[in-house]
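Below is entry.pdb, holding PDB, C-alpha atoms and all ligand atoms.
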```
ATOM      1  CA  MET A 931      99.446 120.864  59.871
ATOM      2  CA  PRO A 932     101.283 117.666  58.808
ATOM      3  CA  ALA A 933     103.267 115.741  61.396
ATOM      4  CA  LYS A 934     106.998 116.128  61.832
ATOM      5  CA  LEU A 935     109.004 113.022  61.020
ATOM      6  CA  LEU A 936     110.653 111.224  63.904
ATOM      7  CA  GLU A 937     113.566 109.515  62.204
ATOM      8  CA  GLY A 938     115.730 106.819  63.697
ATOM      9  CA  SER A 939     118.634 107.016  61.270
ATOM     10  CA  PRO A 940     120.316 110.174  62.662
ATOM     11  CA  ILE A 941     120.173 108.743  66.201
ATOM     12  CA  ALA A 942     121.562 105.448  64.907
ATOM     13  CA  VAL A 943     124.504 107.281  63.299
ATOM     14  CA  LYS A 944     125.364 108.945  66.635
ATOM     15  CA  ILE A 945     125.131 105.639  68.519
ATOM     16  CA  LYS A 946     127.446 103.933  66.026
ATOM     17  CA  GLU A 947     130.005 106.769  66.219
ATOM     18  CA  GLN A 948     130.123 106.355  69.992
ATOM     19  CA  LEU A 949     130.375 102.566  69.682
ATOM     20  CA  LYS A 950     133.353 102.772  67.321
ATOM     21  CA  LYS A 951     135.304 104.466  70.130
ATOM     22  CA  GLU A 952     134.170 102.007  72.793
ATOM     23  CA  ILE A 953     134.993  98.966  70.664
ATOM     24  CA  LEU A 954     138.647 100.082  70.517
ATOM     25  CA  ASP A 955     138.820  99.165  74.211
ATOM     26  CA  PHE A 956     138.491  95.465  73.360
ATOM     27  CA  ASP A 957     141.910  94.266  72.188
ATOM     28  CA  LYS A 958     140.639  90.951  70.864
ATOM     29  CA  GLY A 959     137.666  92.520  69.079
ATOM     30  CA  LEU A 960     134.018  91.537  69.502
ATOM     31  CA  VAL A 961     132.101  88.593  68.090
ATOM     32  CA  LEU A 962     128.350  88.318  67.460
ATOM     33  CA  ALA A 963     127.052  84.788  66.808
ATOM     34  CA  SER A 964     123.801  84.527  64.831
ATOM     35  CA  ILE A 965     121.904  81.257  64.625
ATOM     36  CA  GLN A 966     119.405  80.763  61.817
ATOM     37  CA  VAL A 967     117.338  77.601  61.710
ATOM     38  CA  GLY A 968     115.857  76.688  58.339
ATOM     39  CA  GLU A 969     115.034  78.968  55.439
ATOM     40  CA  ASN A 970     112.734  81.705  56.633
ATOM     41  CA  SER A 971     112.396  84.790  54.493
ATOM     42  CA  GLY A 972     111.268  86.738  57.594
ATOM     43  CA  SER A 973     114.757  86.910  59.079
ATOM     44  CA  VAL A 974     116.707  87.568  55.858
ATOM     45  CA  SER A 975     116.426  91.368  55.950
ATOM     46  CA  TYR A 976     117.282  91.440  59.685
ATOM     47  CA  ILE A 977     120.378  89.292  59.117
ATOM     48  CA  LYS A 978     121.430  91.527  56.225
ATOM     49  CA  ALA A 979     121.081  94.679  58.338
ATOM     50  CA  GLN A 980     122.903  93.065  61.290
ATOM     51  CA  THR A 981     125.773  91.850  59.077
ATOM     52  CA  LYS A 982     126.239  95.321  57.607
ATOM     53  CA  ALA A 983     126.070  97.098  60.968
ATOM     54  CA  ALA A 984     128.600  94.669  62.462
ATOM     55  CA  GLU A 985     130.903  95.089  59.468
ATOM     56  CA  ASP A 986     130.748  98.906  59.697
ATOM     57  CA  LEU A 987     131.777  98.714  63.349
ATOM     58  CA  GLY A 988     134.535  96.129  62.899
ATOM     59  CA  ILE A 989     132.550  93.477  64.811
ATOM     60  CA  GLU A 990     132.919  89.881  63.633
ATOM     61  CA  TYR A 991     129.491  88.541  62.615
ATOM     62  CA  ARG A 992     129.613  84.750  62.903
ATOM     63  CA  PRO A 993     126.605  83.125  61.191
ATOM     64  CA  TYR A 994     125.481  79.571  62.061
ATOM     65  CA  LYS A 995     122.911  78.037  59.734
ATOM     66  CA  LEU A 996     121.066  74.907  60.833
ATOM     67  CA  GLY A 997     118.759  72.804  58.664
ATOM     68  CA  ASP A 998     114.943  72.883  58.591
ATOM     69  CA  ALA A 999     114.685  69.609  60.523
ATOM     70  CA  THR A1000     116.869  70.748  63.444
ATOM     71  CA  THR A1001     115.530  69.639  66.831
ATOM     72  CA  LYS A1002     115.344  71.682  70.013
ATOM     73  CA  VAL A1003     118.097  69.493  71.497
ATOM     74  CA  GLU A1004     120.434  70.250  68.572
ATOM     75  CA  LEU A1005     119.700  73.967  68.710
ATOM     76  CA  THR A1006     120.190  74.245  72.469
ATOM     77  CA  ALA A1007     123.416  72.228  72.188
ATOM     78  CA  LEU A1008     124.799  74.866  69.816
ATOM     79  CA  ILE A1009     123.645  77.684  72.126
ATOM     80  CA  THR A1010     125.337  75.982  75.085
ATOM     81  CA  LYS A1011     128.551  75.612  73.080
ATOM     82  CA  LEU A1012     128.496  79.314  72.160
ATOM     83  CA  ASN A1013     127.750  80.239  75.802
ATOM     84  CA  SER A1014     131.022  78.637  76.864
ATOM     85  CA  ASP A1015     133.040  79.955  73.904
ATOM     86  CA  ARG A1016     134.895  82.886  75.442
ATOM     87  CA  SER A1017     135.478  84.493  72.039
ATOM     88  CA  VAL A1018     131.706  84.975  71.564
ATOM     89  CA  ASN A1019     130.220  88.114  73.146
ATOM     90  CA  GLY A1020     126.645  87.988  71.900
ATOM     91  CA  ILE A1021     124.183  85.364  70.678
ATOM     92  CA  ILE A1022     121.092  85.898  68.539
ATOM     93  CA  VAL A1023     118.612  83.157  67.689
ATOM     94  CA  GLN A1024     116.855  84.409  64.554
ATOM     95  CA  MET A1025     113.045  84.150  64.511
ATOM     96  CA  PRO A1026     110.870  82.546  63.371
ATOM     97  CA  LEU A1027     112.006  79.038  64.268
ATOM     98  CA  PRO A1028     110.567  75.983  62.486
ATOM     99  CA  LYS A1029     107.343  74.618  64.013
ATOM    100  CA  GLN A1030     108.978  71.644  65.787
ATOM    101  CA  ILE A1031     110.940  74.027  68.067
ATOM    102  CA  ASP A1032     109.095  75.909  70.793
ATOM    103  CA  TYR A1033     110.971  79.225  70.821
ATOM    104  CA  LYS A1034     109.918  80.066  74.384
ATOM    105  CA  GLY A1035     111.679  76.932  75.581
ATOM    106  CA  VAL A1036     114.897  77.911  73.815
ATOM    107  CA  LEU A1037     115.361  81.466  75.067
ATOM    108  CA  SER A1038     116.313  80.470  78.612
ATOM    109  CA  PHE A1039     119.345  78.584  77.206
ATOM    110  CA  ILE A1040     121.013  81.809  76.058
ATOM    111  CA  ASP A1041     123.502  82.990  78.687
ATOM    112  CA  PRO A1042     121.888  86.181  80.126
ATOM    113  CA  LEU A1043     125.283  87.910  79.770
ATOM    114  CA  LYS A1044     125.372  87.111  76.025
ATOM    115  CA  ASP A1045     121.672  87.685  75.425
ATOM    116  CA  ILE A1046     121.946  90.853  73.346
ATOM    117  CA  GLU A1047     118.290  90.683  72.283
ATOM    118  CA  GLY A1048     117.174  90.700  75.925
ATOM    119  CA  VAL A1049     114.920  87.666  75.422
ATOM    120  CA  ASN A1050     116.144  85.325  78.160
ATOM    121  CA  PRO A1051     113.376  85.232  80.830
ATOM    122  CA  GLU A1052     115.906  86.550  83.368
ATOM    123  CA  ASN A1053     116.520  89.682  81.282
ATOM    124  CA  LEU A1054     112.838  90.067  80.383
ATOM    125  CA  GLY A1055     111.868  89.696  84.054
ATOM    126  CA  LYS A1056     114.266  92.436  85.125
ATOM    127  CA  ILE A1057     112.213  94.909  83.090
ATOM    128  CA  ILE A1058     109.417  94.582  85.649
ATOM    129  CA  LEU A1059     111.859  95.547  88.388
ATOM    130  CA  ALA A1060     113.325  98.380  86.243
ATOM    131  CA  LYS A1061     116.711  96.703  86.745
ATOM    132  CA  SER A1062     117.389  95.619  83.190
ATOM    133  CA  LYS A1063     120.868  96.199  81.752
ATOM    134  CA  ILE A1064     120.057  94.710  78.335
ATOM    135  CA  LEU A1065     116.689  95.626  76.819
ATOM    136  CA  PRO A1066     115.195  94.058  73.691
ATOM    137  CA  PRO A1067     116.562  96.407  70.983
ATOM    138  CA  THR A1068     113.189  97.235  69.428
ATOM    139  CA  VAL A1069     111.654  98.402  72.678
ATOM    140  CA  ALA A1070     114.829 100.298  73.570
ATOM    141  CA  ALA A1071     114.583 101.952  70.136
ATOM    142  CA  VAL A1072     111.001 103.062  70.781
ATOM    143  CA  MET A1073     111.954 104.495  74.185
ATOM    144  CA  GLU A1074     114.988 106.256  72.692
ATOM    145  CA  LEU A1075     112.878 107.839  69.924
ATOM    146  CA  LEU A1076     110.414 109.153  72.515
ATOM    147  CA  GLU A1077     113.232 110.458  74.685
ATOM    148  CA  THR A1078     115.026 112.149  71.779
ATOM    149  CA  ALA A1079     111.804 113.886  70.792
ATOM    150  CA  LYS A1080     111.351 114.897  74.472
ATOM    151  CA  VAL A1081     107.907 113.300  74.590
ATOM    152  CA  LYS A1082     106.686 113.397  78.183
ATOM    153  CA  LEU A1083     105.181 110.085  79.272
ATOM    154  CA  TYR A1084     104.186 110.880  82.859
ATOM    155  CA  GLY A1085     100.403 110.589  83.096
ATOM    156  CA  LYS A1086      99.977 110.352  79.329
ATOM    157  CA  GLU A1087      97.451 108.044  77.645
ATOM    158  CA  VAL A1088      99.746 105.633  75.824
ATOM    159  CA  VAL A1089      98.312 102.851  73.682
ATOM    160  CA  VAL A1090     100.457  99.939  72.521
ATOM    161  CA  VAL A1091      98.950  97.800  69.750
ATOM    162  CA  GLY A1092     100.447  94.297  69.633
ATOM    163  CA  ALA A1093     101.330  92.166  72.649
ATOM    164  CA  SER A1094     104.237  89.985  71.572
ATOM    165  CA  GLU A1095     106.819  88.800  74.113
ATOM    166  CA  ILE A1096     109.568  90.623  72.273
ATOM    167  CA  VAL A1097     107.903  93.995  71.564
ATOM    168  CA  GLY A1098     104.434  94.802  72.924
ATOM    169  CA  LYS A1099     104.655  93.211  76.388
ATOM    170  CA  PRO A1100     108.125  94.434  77.450
ATOM    171  CA  LEU A1101     107.428  97.856  75.924
ATOM    172  CA  SER A1102     104.216  98.251  77.903
ATOM    173  CA  MET A1103     106.171  97.525  81.094
ATOM    174  CA  LEU A1104     108.831 100.142  80.284
ATOM    175  CA  LEU A1105     106.118 102.714  79.565
ATOM    176  CA  LEU A1106     104.467 101.833  82.840
ATOM    177  CA  ASN A1107     107.817 102.322  84.595
ATOM    178  CA  LYS A1108     107.744 105.882  83.157
ATOM    179  CA  PHE A1109     104.280 106.410  84.704
ATOM    180  CA  ALA A1110     102.416 106.430  81.405
ATOM    181  CA  THR A1111      98.806 105.272  81.661
ATOM    182  CA  THR A1112      99.364 102.311  79.397
ATOM    183  CA  THR A1113      96.759 100.331  77.459
ATOM    184  CA  VAL A1114      97.798  97.231  75.533
ATOM    185  CA  CYS A1115      95.621  96.238  72.565
ATOM    186  CA  HIS A1116      95.839  92.861  70.857
ATOM    187  CA  ILE A1117      93.998  90.538  68.544
ATOM    188  CA  ALA A1118      90.956  90.328  70.845
ATOM    189  CA  THR A1119      90.717  94.144  70.960
ATOM    190  CA  PHE A1120      90.621  94.089  67.172
ATOM    191  CA  GLU A1121      88.147  91.211  66.949
ATOM    192  CA  SER A1122      85.801  92.828  69.441
ATOM    193  CA  GLY A1123      85.739  95.981  67.291
ATOM    194  CA  LYS A1124      87.264  98.181  70.012
ATOM    195  CA  LEU A1125      90.666  98.901  68.453
ATOM    196  CA  SER A1126      89.689 102.208  66.827
ATOM    197  CA  SER A1127      88.262 103.674  70.056
ATOM    198  CA  HIS A1128      91.413 102.819  72.031
ATOM    199  CA  VAL A1129      93.658 104.210  69.286
ATOM    200  CA  ASN A1130      91.562 107.355  69.196
ATOM    201  CA  ARG A1131      92.312 108.027  72.902
ATOM    202  CA  ALA A1132      96.068 107.680  72.488
ATOM    203  CA  GLU A1133      98.256 110.710  73.072
ATOM    204  CA  VAL A1134     101.156 108.396  72.256
ATOM    205  CA  LEU A1135     100.496 105.400  70.010
ATOM    206  CA  VAL A1136     102.951 102.560  69.411
ATOM    207  CA  VAL A1137     101.986  99.901  66.877
ATOM    208  CA  ALA A1138     103.778  96.542  66.582
ATOM    209  CA  VAL A1139     101.456  94.140  64.807
ATOM    210  CA  GLY A1140     102.950  93.202  61.441
ATOM    211  CA  LYS A1141      99.870  93.930  59.295
ATOM    212  CA  ALA A1142      99.991  96.779  56.788
ATOM    213  CA  GLY A1143      97.247  99.339  57.313
ATOM    214  CA  VAL A1144      95.831  97.736  60.481
ATOM    215  CA  ILE A1145      95.666 101.251  61.965
ATOM    216  CA  LYS A1146      93.598 103.644  59.881
ATOM    217  CA  GLY A1147      94.882 107.197  59.714
ATOM    218  CA  ASP A1148      91.535 108.735  60.669
ATOM    219  CA  TRP A1149      91.544 106.860  64.006
ATOM    220  CA  ILE A1150      94.535 108.912  65.179
ATOM    221  CA  LYS A1151      93.909 111.587  67.797
ATOM    222  CA  GLU A1152      94.751 115.111  66.680
ATOM    223  CA  GLY A1153      98.337 115.921  67.768
ATOM    224  CA  ALA A1154      99.250 112.348  68.795
ATOM    225  CA  VAL A1155     102.785 110.959  68.651
ATOM    226  CA  VAL A1156     102.807 107.830  66.473
ATOM    227  CA  ILE A1157     105.551 105.209  66.530
ATOM    228  CA  ASP A1158     105.135 102.530  63.874
ATOM    229  CA  VAL A1159     107.247  99.439  64.594
ATOM    230  CA  GLY A1160     105.664  97.300  61.857
ATOM    231  CA  ILE A1161     107.644  96.131  58.866
ATOM    232  CA  ASN A1162     105.581  94.740  55.991
ATOM    233  CA  ARG A1163     106.743  93.980  52.489
ATOM    234  CA  ILE A1164     104.104  94.930  49.909
ATOM    235  CA  ASN A1165     105.112  94.549  46.237
ATOM    236  CA  ASP A1166     108.805  95.065  47.005
ATOM    237  CA  LYS A1167     108.017  98.131  49.114
ATOM    238  CA  ILE A1168     108.431  98.250  52.895
ATOM    239  CA  VAL A1169     105.515  99.804  54.771
ATOM    240  CA  GLY A1170     104.502  99.989  58.427
ATOM    241  CA  ASP A1171     101.272  99.031  60.216
ATOM    242  CA  VAL A1172      99.824 102.557  60.186
ATOM    243  CA  ASP A1173      98.208 104.242  57.157
ATOM    244  CA  PHE A1174     101.022 106.755  56.931
ATOM    245  CA  VAL A1175      99.572 109.551  54.779
ATOM    246  CA  THR A1176      96.287 110.023  56.654
ATOM    247  CA  ALA A1177      97.945 109.460  60.051
ATOM    248  CA  ALA A1178     100.570 112.103  59.257
ATOM    249  CA  SER A1179      97.828 114.662  58.611
ATOM    250  CA  LYS A1180      96.566 114.222  62.200
ATOM    251  CA  ALA A1181      99.638 113.347  64.291
ATOM    252  CA  SER A1182     102.177 115.867  65.589
ATOM    253  CA  LEU A1183     105.099 113.429  65.241
ATOM    254  CA  ILE A1184     105.305 110.168  63.316
ATOM    255  CA  THR A1185     108.019 107.647  62.505
ATOM    256  CA  PRO A1186     108.540 106.807  58.835
ATOM    257  CA  VAL A1187     108.786 103.192  57.661
ATOM    258  CA  PRO A1188     111.459 102.528  56.615
ATOM    259  CA  GLY A1189     113.821 104.892  58.439
ATOM    260  CA  GLY A1190     112.126 105.050  61.834
ATOM    261  CA  VAL A1191     112.402 102.283  64.415
ATOM    262  CA  GLY A1192     114.288  99.842  62.139
ATOM    263  CA  PRO A1193     117.730 101.478  61.781
ATOM    264  CA  LEU A1194     117.743 102.413  65.448
ATOM    265  CA  THR A1195     116.955  98.822  66.475
ATOM    266  CA  THR A1196     120.017  97.547  64.637
ATOM    267  CA  ALA A1197     122.276 100.209  66.181
ATOM    268  CA  ILE A1198     120.940  99.370  69.651
ATOM    269  CA  LEU A1199     121.550  95.673  69.043
ATOM    270  CA  MET A1200     125.218  96.556  68.479
ATOM    271  CA  ARG A1201     125.193  98.748  71.590
ATOM    272  CA  ASN A1202     123.809  95.787  73.530
ATOM    273  CA  LEU A1203     126.724  93.689  72.252
ATOM    274  CA  VAL A1204     129.197  96.230  73.602
ATOM    275  CA  GLU A1205     127.331  96.433  76.925
ATOM    276  CA  ALA A1206     127.269  92.628  77.134
ATOM    277  CA  ALA A1207     131.027  92.499  76.474
ATOM    278  CA  LYS A1208     131.586  95.007  79.300
ATOM    279  CA  LEU A1209     129.447  92.899  81.666
ATOM    280  CA  GLN A1210     131.370  89.754  80.656
ATOM    281  CA  ARG A1211     134.670  91.550  81.332
ATOM    282  CA  ALA A1212     133.445  92.706  84.737
ATOM    283  CA  ASN A1213     132.334  89.148  85.589
ATOM    284  CA  SER A1214     135.469  87.348  84.392
TER     285      SER A1214
HETATM  286  P1  LIG A1301     104.253  89.147  66.495
HETATM  287  O1  LIG A1301     105.030  88.300  67.414
HETATM  288  O2  LIG A1301     103.558  88.542  65.325
HETATM  289  O3  LIG A1301     103.169  89.925  67.382
HETATM  290  C1  LIG A1301     102.160  90.713  66.821
HETATM  291  C2  LIG A1301     101.155  91.064  67.881
HETATM  292  O4  LIG A1301     100.051  91.762  67.291
HETATM  293  C3  LIG A1301     100.547  89.840  68.564
HETATM  294  O5  LIG A1301     100.312  90.166  69.918
HETATM  295  C4  LIG A1301      99.244  89.642  67.792
HETATM  296  O6  LIG A1301      98.273  88.909  68.493
HETATM  297  C5  LIG A1301      98.828  91.068  67.617
HETATM  298  N1  LIG A1301      97.872  91.249  66.512
HETATM  299  C6  LIG A1301      97.746  90.514  65.398
HETATM  300  N2  LIG A1301      96.761  91.016  64.628
HETATM  301  C7  LIG A1301      96.267  92.077  65.288
HETATM  302  C8  LIG A1301      95.241  93.011  65.005
HETATM  303  N3  LIG A1301      94.537  92.960  63.883
HETATM  304  N4  LIG A1301      94.999  93.980  65.909
HETATM  305  C9  LIG A1301      95.686  94.064  67.065
HETATM  306  N5  LIG A1301      96.691  93.204  67.394
HETATM  307  C10 LIG A1301      96.971  92.224  66.511
HETATM  308  O7  LIG A1301     105.139  90.316  65.901
HETATM  309  P2  LIG A1301     106.367  91.158  66.590
HETATM  310  O8  LIG A1301     107.584  90.343  66.597
HETATM  311  O9  LIG A1301     105.910  91.808  67.848
HETATM  312  O10 LIG A1301     106.533  92.266  65.465
HETATM  313  C11 LIG A1301     105.481  93.135  65.112
HETATM  314  C12 LIG A1301     105.871  93.927  63.874
HETATM  315  O11 LIG A1301     107.027  94.676  64.175
HETATM  316  C13 LIG A1301     106.257  93.059  62.656
HETATM  317  O12 LIG A1301     105.903  93.758  61.478
HETATM  318  C14 LIG A1301     107.762  92.978  62.739
HETATM  319  O13 LIG A1301     108.360  92.763  61.478
HETATM  320  C15 LIG A1301     108.061  94.362  63.262
HETATM  321  N6  LIG A1301     109.338  94.454  63.973
HETATM  322  C16 LIG A1301     110.087  95.516  63.638
HETATM  323  C17 LIG A1301     111.293  95.707  64.258
HETATM  324  C18 LIG A1301     112.079  96.922  63.890
HETATM  325  O14 LIG A1301     113.266  96.960  64.129
HETATM  326  N7  LIG A1301     111.441  97.956  63.326
HETATM  327  C19 LIG A1301     111.739  94.794  65.215
HETATM  328  C20 LIG A1301     110.916  93.723  65.582
HETATM  329  C21 LIG A1301     109.695  93.569  64.948
HETATM  330  P3  LIG A1301      98.177  87.299  68.265
HETATM  331  O15 LIG A1301      99.578  86.768  68.284
HETATM  332  O16 LIG A1301      97.372  86.848  69.408
HETATM  333  O17 LIG A1301      97.530  87.129  66.938
END
```

Would you encode the structure as structure tokens?
Amino acid sequence: MPAKLLEGSPIAVKIKEQLKKEILDFDKGLVLASIQVGENSGSVSYIKAQTKAAEDLGIEYRPYKLGDATTKVELTALITKLNSDRSVNGIIVQMPLPKQIDYKGVLSFIDPLKDIEGVNPENLGKIILAKSKILPPTVAAVMELLETAKVKLYGKEVVVVGASEIVGKPLSMLLLNKFATTTVCHIATFESGKLSSHVNRAEVLVVAVGKAGVIKGDWIKEGAVVIDVGINRINDKIVGDVDFVTAASKASLITPVPGGVGPLTTAILMRNLVEAAKLQRANS
């Protein structure tokens, strides 16, 4: 029996409808500042999706484009300026950054109240304490998909593949907070040849690697829930990290790529902007 599709787009539509009402509460409107450093094709599709989502909601999207040779000092100076600009409600630093800038050293400069990607160490750290008000949008999207599909996490074998600071690590902590028995797989799991056996145990599998086909469909446990976060461009086509067709013949629920995590992530980014604006209002 083929898997049912777990689509993000319908949930994203509902979130945006709700946001349109909430945004009316802000007389001066809302502003999202996006900083791009250098020409990196990786962030182009994200920026396009963010611009469109902001436009649809009547949010001002303010792009800042810095040159390839920008230093950390120049970048953090711009962030600091935007932190103190009261018209700006949210700040995004688009990844990847050029090699000369250590991104981990930049994130702590973003005002936690304007950090709508939830990447400032203060916001990331609050996830451990289950006290976070602004979650990284991708991990919030994964949790929202699971919740919408009423997937029970308590005591479940959940396997997360990929251990990045922005997806795999914070997600594993949120799953742990829901009492899932959480395993995190990474490059060493793959290189030691143990990835397939971990994937095969997963009742819920979340993959965020960024390599098309890294998860073979026949590794999937019968009846598993599969969330594919990966976005890979292959010959002008967008595909995920999981071999979709074979995986769908074994899973009970699976996210499509595109149309799964992606659209929901963008909607949640906008929701984070509104939440951040509310926090700023409460703190002013
Ligand atoms: P990332 O920073 O490159 O992290 C990828 C993780 O996977 C790293 O921990 C990496 O380990 C690990 N990895 C690499 N090769 C592996 C393998 N063969 N087996 C197991 N683990 C492996 O990427 P990210 O930012 O987390 O994003 C992951 C994917 O999600 C990308 O395709 C990205 O485009 C997509 N994404 C989608 C959304 C969305 O809205 N749908 C949002 C964000 C990201 P090492 O670093 O040690 O090699």

Q: Run the PyMOL selection byres (((chain A and resi 1194) around 9) and not hetatm) mentally over the shown coordinates, then write out the matched residues as a list of chain:residue names, using the chain letters and numbers from the document.
A: A:Glu937, A:Gly938, A:Ser939, A:Pro940, A:Ile941, A:Ala942, A:Val943, A:Ile945, A:Pro1067, A:Thr1068, A:Ala1070, A:Ala1071, A:Val1072, A:Glu1074, A:Leu1075, A:Gly1189, A:Gly1190, A:Val1191, A:Gly1192, A:Pro1193, A:Thr1195, A:Thr1196, A:Ala1197, A:Ile1198, A:Leu1199

Q: Grab me every residue within 8 Å of ligand LIG 1301 (chain A), counting all atoms listed in the file, and send it over as a PyMOL selection string.
A: chain A and resi 972+1067-1068+1071+1091-1098+1115-1121+1125+1137-1141+1144+1158-1162+1170-1171+1190-1196

Q: Take the PyMOL selection byres (((chain A and resi 951-967) around 6) and not hetatm), apply it to the structure above, and return the hits as number ranges by chain.
A: A: 948-950, 968, 989-997, 1018-1024

Q: Could you tell me which of A:Lys1029, A:Pro1051, A:Asn1202, A:Ala1207 comes closest to Leu1065 (chain A) if we count all atoms listed in the file?
A: A:Asn1202

(Q) With the PyMOL selection byres (((chain A and resi 1184) around 7) and not hetatm) as the selection, what would be picked from this file? Answer as number ranges by chain, please. (A) A: 933-936, 1155-1157, 1178, 1181-1183, 1185-1186

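Nearest to Phe1174 (chain A) of all the residues A:Asp1041, A:Gly1143, A:Met1200, A:Tyr1084 is A:Gly1143, counting all atoms listed in the file.
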
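In this model, the gap between CA of Thr1006 (chain A) and CA of Phe1039 (chain A) comes to 6.5 Å.
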
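Of note, CA of Asn1130 (chain A) and CA of Ile1150 (chain A) are spaced 5.2 Å apart.
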
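Distance check against Asp1045 (chain A) using all atoms listed in the file: of A:Ala1206, A:Ala1212, A:Ala1079, A:Ala979, the minimum falls on A:Ala1206.
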
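Across A:Arg1211, A:Val1088, A:Lys946, A:Leu1083, the tightest approach to Ala984 (chain A) is made by A:Lys946 when counting all atoms listed in the file.
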
Q. Using only C-alpha atoms, which of A:Gly1147, A:Gly1153, A:Pro1100, A:Gly1055 sits nearest Val1172 (chain A)?
A. A:Gly1147

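With all atoms listed in the file as the atoms that count, the residue of A:Thr1113, A:Ser975, A:Thr1010, A:Asn970 with the shortest distance to Arg1163 (chain A) is A:Ser975.
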
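With CA of Glu1205 (chain A) on one side and CA of Thr981 (chain A) on the other, the separation reads 18.5 Å.
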
What box, with edges along x, y and z, holds each listed atom of region 1134-1138 of chain A when 6 Å is added on every side, and can you state its centre and edge lengths in Å to one decimal, as AutoDock Vina command-line options?
```
--center_x 102.1 --center_y 102.5 --center_z 69.4 --size_x 15.3 --size_y 23.9 --size_z 17.7
```
